[in-house]
Amino acid sequence: MRQIGKLSSETHAARFVDYLLTQGIHSKADANSQGEWSVWIHEENQVDQARTELEAFRSNPDDSRYRTAGDEAAGIRKMEQLREKERRKNVHEVKHRSVGAGAGLSGAPVTKGILIICVVIAAIGMFASNYSMKNPGLGDQIYGALSFLSPQDLQAYGISPEPNSLRTIERGQVWRLITPAFLHARSGSMAILHVGFNMYMLFMLGPILERRMGSFQFLLLNVGLALAGNLAQGVIPMYIELYGGDLAQYERYYGGVNFLGYSGVVYGLFGYLWIRSNHDPTFGIMINQSSIIILMLWFFLCWFGLMGGVANLAHTGGLVAGMLTGYIQAMSSRR
């Protein structure tokens with residue numbers, strides 16, 4: 001907001017503010033201690049035009065175009081109030097609270113399907129795994145078929161972390177670029193915490209976005225975010241030798257290439273909603289400040305290595321992809 005000048009009377013100040021509104025310029029006038037009225041312009045890119053209008057107004061404040069501006073300005077304000085009222089009716093806040101599962105997932109079949117798939121696979125992984133390549137259980141087979149690297153590629157990567165370790169994907173198993181998002185830790189309390197936290201966040205963010213965007217677009221968004229996060233986590237370390245190529249150090253702080261979980265997509269959905277709502281008020285959904293703080297605090301705690309081997313590149317890839325998608329769609333909606 002920028003001050004452009006002063007007027008000597010309240011009547012003239014109100015008249016000029018009304019006139020500016022009819023020209024598409026939002027402003028306000030405040031009284032100061034000298035009995036004058038300071039005129040402030042809301043938008044920086046309208047300051048020069050407003051100054052020109054102020055000079056013209058000062059030369060003849062009783063001109064008919066200024067005296068008759070009040071009625072038109074009142075109509076404009078009324079329409080703006082009605083639009084704002086309608087916008088607020090359509091705005092929902094994404095809050096950290098528990099809601100009824102039936103109500104929360106109604107009208108969100110994609111979210112519901114992802115939740116079921118992730119929980120079922122996690123349960124099979126926990127209770128039907130032998131952790132053996134020679135005698136694999138059902139869980140081992142599923143994880144081997146859906147992880148980013150096949151068991152054979154993972155062995156090859158441990159010997160030499162080079163791009164040619166992706167030979168299984170290159171032979172046509174392209175689903176591995178997406179499916180690691182559906183896998184979660186398989187042993188100990190960490191397994192329950194891992195799938196539980198990711199599914200809770202999906203439950204909070206997914207249904208409200210899916211109902212707003214439509215199931216097909218929401219599905220495409222999830223697939224794109226999974227692809228971005230998985231590529232970031234799985235491919236970048238093959239070309240950049242983090243920690244001088246020390247795999248043990250890399251896996252300790254950044255999760256390695258044998259990564260699992262839906263958190264990259266969750267961060268992508270968060271980033272999409274955060275940026276889309278900031279740049280497109282008509283989108284109708286907002287995320288509250290406390291949710292932003294909690295998610296970003298967790299993001300940086302993981303990056304600083306305080307949470308152990310977390311797939312930080314997947315988080316970052318998903319978050320950046322979600323923010324970019326949200327910004328592009330917000331700009332498109334304003335045209």
# chains A, B, ... in the order shown; residues from 1 in each chain; ligands from 1

call {"tool": "residues_around", "arguments": {"residues": "A:Ala123", "least_positions_apart": "2", "cutoff": "12 Å", "atoms": "only C-alpha atoms", "output": "PDB file with N, CA and C atoms, in the first residue's frame"}}
result
ATOM      1  N   ILE A 116      -6.627 -47.968   0.808  1.00  0.00           N
ATOM      2  CA  ILE A 116      -6.806 -49.421   0.918  1.00  0.00           C
ATOM      3  C   ILE A 116      -5.587 -50.162   0.386  1.00  0.00           C
ATOM      4  N   ILE A 117      -5.102 -49.746  -0.779  1.00  0.00           N
ATOM      5  CA  ILE A 117      -3.947 -50.409  -1.393  1.00  0.00           C
ATOM      6  C   ILE A 117      -2.733 -50.337  -0.476  1.00  0.00           C
ATOM      7  N   CYS A 118      -2.451 -49.137   0.044  1.00  0.00           N
ATOM      8  CA  CYS A 118      -1.266 -48.957   0.894  1.00  0.00           C
ATOM      9  C   CYS A 118      -1.364 -49.764   2.182  1.00  0.00           C
ATOM     10  N   VAL A 119      -2.537 -49.759   2.812  1.00  0.00           N
ATOM     11  CA  VAL A 119      -2.706 -50.478   4.077  1.00  0.00           C
ATOM     12  C   VAL A 119      -2.633 -51.987   3.854  1.00  0.00           C
ATOM     13  N   VAL A 120      -3.260 -52.484   2.790  1.00  0.00           N
ATOM     14  CA  VAL A 120      -3.240 -53.930   2.510  1.00  0.00           C
ATOM     15  C   VAL A 120      -1.815 -54.399   2.214  1.00  0.00           C
ATOM     16  N   ILE A 121      -1.100 -53.643   1.363  1.00  0.00           N
ATOM     17  CA  ILE A 121       0.277 -54.035   1.037  1.00  0.00           C
ATOM     18  C   ILE A 121       1.155 -53.988   2.282  1.00  0.00           C
ATOM     19  N   GLY A 125       3.153 -57.055   3.860  1.00  0.00           N
ATOM     20  CA  GLY A 125       4.593 -56.931   4.061  1.00  0.00           C
ATOM     21  C   GLY A 125       5.008 -57.247   5.486  1.00  0.00           C
ATOM     22  N   MET A 126       4.180 -56.862   6.456  1.00  0.00           N
ATOM     23  CA  MET A 126       4.524 -57.101   7.861  1.00  0.00           C
ATOM     24  C   MET A 126       4.334 -58.554   8.279  1.00  0.00           C
ATOM     25  N   PHE A 127       3.295 -59.192   7.736  1.00  0.00           N
ATOM     26  CA  PHE A 127       2.924 -60.511   8.255  1.00  0.00           C
ATOM     27  C   PHE A 127       3.182 -61.669   7.301  1.00  0.00           C
ATOM     28  N   ALA A 128       3.642 -61.379   6.087  1.00  0.00           N
ATOM     29  CA  ALA A 128       3.859 -62.485   5.139  1.00  0.00           C
ATOM     30  C   ALA A 128       5.193 -62.339   4.416  1.00  0.00           C
ATOM     31  N   SER A 129       6.237 -61.996   5.180  1.00  0.00           N
ATOM     32  CA  SER A 129       7.566 -61.824   4.600  1.00  0.00           C
ATOM     33  C   SER A 129       8.569 -62.752   5.279  1.00  0.00           C
ATOM     34  N   LEU A 138       5.039 -63.987   0.422  1.00  0.00           N
ATOM     35  CA  LEU A 138       4.187 -63.158  -0.438  1.00  0.00           C
ATOM     36  C   LEU A 138       4.586 -61.687  -0.340  1.00  0.00           C
ATOM     37  N   GLY A 139       4.876 -61.243   0.893  1.00  0.00           N
ATOM     38  CA  GLY A 139       5.290 -59.856   1.060  1.00  0.00           C
ATOM     39  C   GLY A 139       6.575 -59.553   0.320  1.00  0.00           C
ATOM     40  N   ILE A 142       5.799 -59.245  -3.418  1.00  0.00           N
ATOM     41  CA  ILE A 142       5.126 -57.994  -3.770  1.00  0.00           C
ATOM     42  C   ILE A 142       6.102 -56.825  -3.725  1.00  0.00           C
ATOM     43  N   TYR A 143       6.881 -56.732  -2.656  1.00  0.00           N
ATOM     44  CA  TYR A 143       7.838 -55.640  -2.531  1.00  0.00           C
ATOM     45  C   TYR A 143       8.912 -55.721  -3.617  1.00  0.00           C
ATOM     46  N   PHE A 182       3.519 -46.857  -2.972  1.00  0.00           N
ATOM     47  CA  PHE A 182       2.515 -47.669  -2.296  1.00  0.00           C
ATOM     48  C   PHE A 182       3.116 -48.607  -1.243  1.00  0.00           C
ATOM     49  N   LEU A 183       4.435 -48.645  -1.142  1.00  0.00           N
ATOM     50  CA  LEU A 183       5.111 -49.544  -0.208  1.00  0.00           C
ATOM     51  C   LEU A 183       5.529 -48.789   1.040  1.00  0.00           C
ATOM     52  N   HIS A 184       5.505 -49.480   2.186  1.00  0.00           N
ATOM     53  CA  HIS A 184       5.928 -48.866   3.447  1.00  0.00           C
ATOM     54  C   HIS A 184       6.788 -49.843   4.236  1.00  0.00           C
ATOM     55  N   ALA A 185       7.382 -49.331   5.293  1.00  0.00           N
ATOM     56  CA  ALA A 185       8.260 -50.169   6.124  1.00  0.00           C
ATOM     57  C   ALA A 185       7.518 -51.426   6.579  1.00  0.00           C
ATOM     58  N   ARG A 186       8.290 -52.516   6.784  1.00  0.00           N
ATOM     59  CA  ARG A 186       7.658 -53.812   7.038  1.00  0.00           C
ATOM     60  C   ARG A 186       7.894 -54.378   8.429  1.00  0.00           C
ATOM     61  N   SER A 187       8.799 -53.799   9.212  1.00  0.00           N
ATOM     62  CA  SER A 187       9.120 -54.447  10.484  1.00  0.00           C
ATOM     63  C   SER A 187       9.127 -53.462  11.635  1.00  0.00           C
ATOM     64  N   ALA A 191       7.040 -49.628  11.158  1.00  0.00           N
ATOM     65  CA  ALA A 191       6.159 -49.990  10.055  1.00  0.00           C
ATOM     66  C   ALA A 191       4.777 -49.371  10.251  1.00  0.00           C
ATOM     67  N   ILE A 192       4.237 -49.495  11.466  1.00  0.00           N
ATOM     68  CA  ILE A 192       2.911 -48.944  11.753  1.00  0.00           C
ATOM     69  C   ILE A 192       2.941 -47.428  11.705  1.00  0.00           C
ATOM     70  N   VAL A 195       3.292 -46.180   7.746  1.00  0.00           N
ATOM     71  CA  VAL A 195       2.062 -46.213   6.956  1.00  0.00           C
ATOM     72  C   VAL A 195       0.960 -45.403   7.630  1.00  0.00           C
ATOM     73  N   GLY A 196       0.937 -45.405   8.968  1.00  0.00           N
ATOM     74  CA  GLY A 196      -0.099 -44.666   9.690  1.00  0.00           C
ATOM     75  C   GLY A 196      -0.010 -43.167   9.456  1.00  0.00           C
TER      76      GLY A 196
END

call {"tool": "select_by_dssp", "arguments": {"residues": "stretch 22-147 of chain A", "states": "strand (DSSP E)", "output": "VMD selection string"}}
result
chain A and resid 27 to 31 37 to 41 92 to 94

call {"tool": "closest_residue", "arguments": {"among": "A:Ile293, A:Met79, A:Ile25, A:Ala228", "to": "A:Ala314", "atoms": "only C-alpha atoms"}}
result
A:Ala228

call {"tool": "residues_around", "arguments": {"residues": "A:Pro61", "least_positions_apart": "4", "cutoff": "7 Å", "atoms": "only C-alpha atoms", "output": "ChimeraX atom specification"}}
result
/A:12,57,66

call {"tool": "closest_residue", "arguments": {"among": "A:Ala226, A:Ala311, A:Ile285, A:Ile275", "to": "A:Ile208", "atoms": "only C-alpha atoms"}}
result
A:Ile285

call {"tool": "residues_around", "arguments": {"residues": "A:Asp18", "least_positions_apart": "3", "cutoff": "7 Å", "atoms": "only C-alpha atoms", "output": "PyMOL selection string"}}
result
chain A and resi 14-15+21-22+69-70+73

call {"tool": "write_last_selection", "arguments": {"atoms": "N, CA, C and O atoms", "output": "PDB file, in the first residue's frame"}}
result
ATOM      1  N   ALA A  14     -13.405  11.425   0.443  1.00  0.00           N
ATOM      2  CA  ALA A  14     -14.381  10.368   0.171  1.00  0.00           C
ATOM      3  C   ALA A  14     -14.803  10.369  -1.298  1.00  0.00           C
ATOM      4  O   ALA A  14     -14.954   9.311  -1.921  1.00  0.00           O
ATOM      5  N   ARG A  15     -14.955  11.560  -1.848  1.00  0.00           N
ATOM      6  CA  ARG A  15     -15.353  11.681  -3.248  1.00  0.00           C
ATOM      7  C   ARG A  15     -14.275  11.115  -4.168  1.00  0.00           C
ATOM      8  O   ARG A  15     -14.565  10.414  -5.133  1.00  0.00           O
ATOM      9  N   LEU A  21     -12.407   4.123  -7.300  1.00  0.00           N
ATOM     10  CA  LEU A  21     -13.007   2.792  -7.358  1.00  0.00           C
ATOM     11  C   LEU A  21     -13.715   2.570  -8.691  1.00  0.00           C
ATOM     12  O   LEU A  21     -13.656   1.477  -9.256  1.00  0.00           O
ATOM     13  N   THR A  22     -14.363   3.616  -9.207  1.00  0.00           N
ATOM     14  CA  THR A  22     -15.034   3.476 -10.516  1.00  0.00           C
ATOM     15  C   THR A  22     -14.019   3.293 -11.639  1.00  0.00           C
ATOM     16  O   THR A  22     -14.380   2.820 -12.724  1.00  0.00           O
ATOM     17  N   ALA A  69     -19.778  10.042  -8.763  1.00  0.00           N
ATOM     18  CA  ALA A  69     -19.095   8.745  -8.645  1.00  0.00           C
ATOM     19  C   ALA A  69     -19.573   7.938  -7.448  1.00  0.00           C
ATOM     20  O   ALA A  69     -19.413   6.710  -7.416  1.00  0.00           O
ATOM     21  N   GLY A  70     -20.191   8.603  -6.450  1.00  0.00           N
ATOM     22  CA  GLY A  70     -20.580   7.916  -5.221  1.00  0.00           C
ATOM     23  C   GLY A  70     -21.561   6.783  -5.446  1.00  0.00           C
ATOM     24  O   GLY A  70     -21.397   5.693  -4.875  1.00  0.00           O
ATOM     25  N   ALA A  73     -19.828   3.854  -7.179  1.00  0.00           N
ATOM     26  CA  ALA A  73     -18.909   3.203  -6.244  1.00  0.00           C
ATOM     27  C   ALA A  73     -19.666   2.339  -5.239  1.00  0.00           C
ATOM     28  O   ALA A  73     -19.220   1.248  -4.874  1.00  0.00           O
TER      29      ALA A  73
END

call {"tool": "select_by_dssp", "arguments": {"residues": "stretch 163-306 of chain A", "states": "helix (DSSP H, G or I)", "output": "VMD selection string"}}
result
chain A and resid 163 to 170 174 to 177 179 to 182 188 to 213 215 to 239 242 to 245 247 to 254 263 to 279 281 to 283 289 to 303

call {"tool": "residues_around", "arguments": {"residues": "A:His315", "least_positions_apart": "3", "cutoff": "8 Å", "atoms": "only C-alpha atoms", "output": "PyMOL selection string"}}
result
chain A and resi 229+263-265+267-268+299+311-312+318-319

call {"tool": "write_last_selection", "arguments": {"atoms": "N, CA and C atoms", "output": "PDB file, in the first residue's frame"}}
result
ATOM      1  N   GLY A 229       8.706 -37.563  -7.231  1.00  0.00           N
ATOM      2  CA  GLY A 229       9.411 -37.927  -6.010  1.00  0.00           C
ATOM      3  C   GLY A 229      10.294 -39.147  -6.191  1.00  0.00           C
ATOM      4  N   SER A 263       4.949 -40.552   1.333  1.00  0.00           N
ATOM      5  CA  SER A 263       5.201 -39.214   1.865  1.00  0.00           C
ATOM      6  C   SER A 263       5.619 -38.218   0.797  1.00  0.00           C
ATOM      7  N   GLY A 264       6.311 -38.672  -0.253  1.00  0.00           N
ATOM      8  CA  GLY A 264       6.650 -37.755  -1.339  1.00  0.00           C
ATOM      9  C   GLY A 264       5.410 -37.197  -2.003  1.00  0.00           C
ATOM     10  N   VAL A 265       4.398 -38.053  -2.201  1.00  0.00           N
ATOM     11  CA  VAL A 265       3.140 -37.598  -2.788  1.00  0.00           C
ATOM     12  C   VAL A 265       2.394 -36.693  -1.805  1.00  0.00           C
ATOM     13  N   TYR A 267       3.660 -34.719   0.443  1.00  0.00           N
ATOM     14  CA  TYR A 267       4.270 -33.390   0.393  1.00  0.00           C
ATOM     15  C   TYR A 267       3.910 -32.672  -0.903  1.00  0.00           C
ATOM     16  N   GLY A 268       3.754 -33.426  -1.990  1.00  0.00           N
ATOM     17  CA  GLY A 268       3.332 -32.821  -3.244  1.00  0.00           C
ATOM     18  C   GLY A 268       1.916 -32.267  -3.162  1.00  0.00           C
ATOM     19  N   PHE A 299       9.723 -31.497   7.518  1.00  0.00           N
ATOM     20  CA  PHE A 299      10.521 -31.547   6.290  1.00  0.00           C
ATOM     21  C   PHE A 299      11.987 -31.215   6.583  1.00  0.00           C
ATOM     22  N   ALA A 311      13.583 -40.607   3.060  1.00  0.00           N
ATOM     23  CA  ALA A 311      13.721 -40.330   1.623  1.00  0.00           C
ATOM     24  C   ALA A 311      13.522 -38.835   1.363  1.00  0.00           C
ATOM     25  N   ASN A 312      14.515 -38.044   1.738  1.00  0.00           N
ATOM     26  CA  ASN A 312      14.384 -36.591   1.642  1.00  0.00           C
ATOM     27  C   ASN A 312      14.281 -36.084   0.208  1.00  0.00           C
ATOM     28  N   GLY A 318       8.599 -34.347  -4.658  1.00  0.00           N
ATOM     29  CA  GLY A 318       7.145 -34.235  -4.623  1.00  0.00           C
ATOM     30  C   GLY A 318       6.688 -32.833  -4.283  1.00  0.00           C
ATOM     31  N   LEU A 319       7.336 -32.217  -3.271  1.00  0.00           N
ATOM     32  CA  LEU A 319       6.959 -30.872  -2.848  1.00  0.00           C
ATOM     33  C   LEU A 319       7.147 -29.861  -3.976  1.00  0.00           C
TER      34      LEU A 319
END

call {"tool": "atom_distance", "arguments": {"atom1": "atom CA of A:Ser132", "atom2": "atom CA of A:Gln173"}}
result
22.0 Å

call {"tool": "atom_distance", "arguments": {"atom1": "atom CA of A:Gln3", "atom2": "atom CA of A:Val47"}}
result
8.5 Å

call {"tool": "residues_around", "arguments": {"residues": "A:Leu146", "least_positions_apart": "6", "cutoff": "7 Å", "atoms": "only C-alpha atoms", "output": "PyMOL selection string"}}
result
chain A and resi 176+179-180

call {"tool": "atom_distance", "arguments": {"atom1": "atom CA of A:Leu154", "atom2": "atom CA of A:Arg171"}}
result
15.4 Å

call {"tool": "closest_residue", "arguments": {"among": "A:Cys302, A:Leu7, A:Met296, A:Met1", "to": "A:Ile41", "atoms": "only C-alpha atoms"}}
result
A:Met1

call {"tool": "closest_residue", "arguments": {"among": "A:Val257, A:Met323, A:Ala29, A:Leu227", "to": "A:Asp153", "atoms": "only C-alpha atoms"}}
result
A:Val257
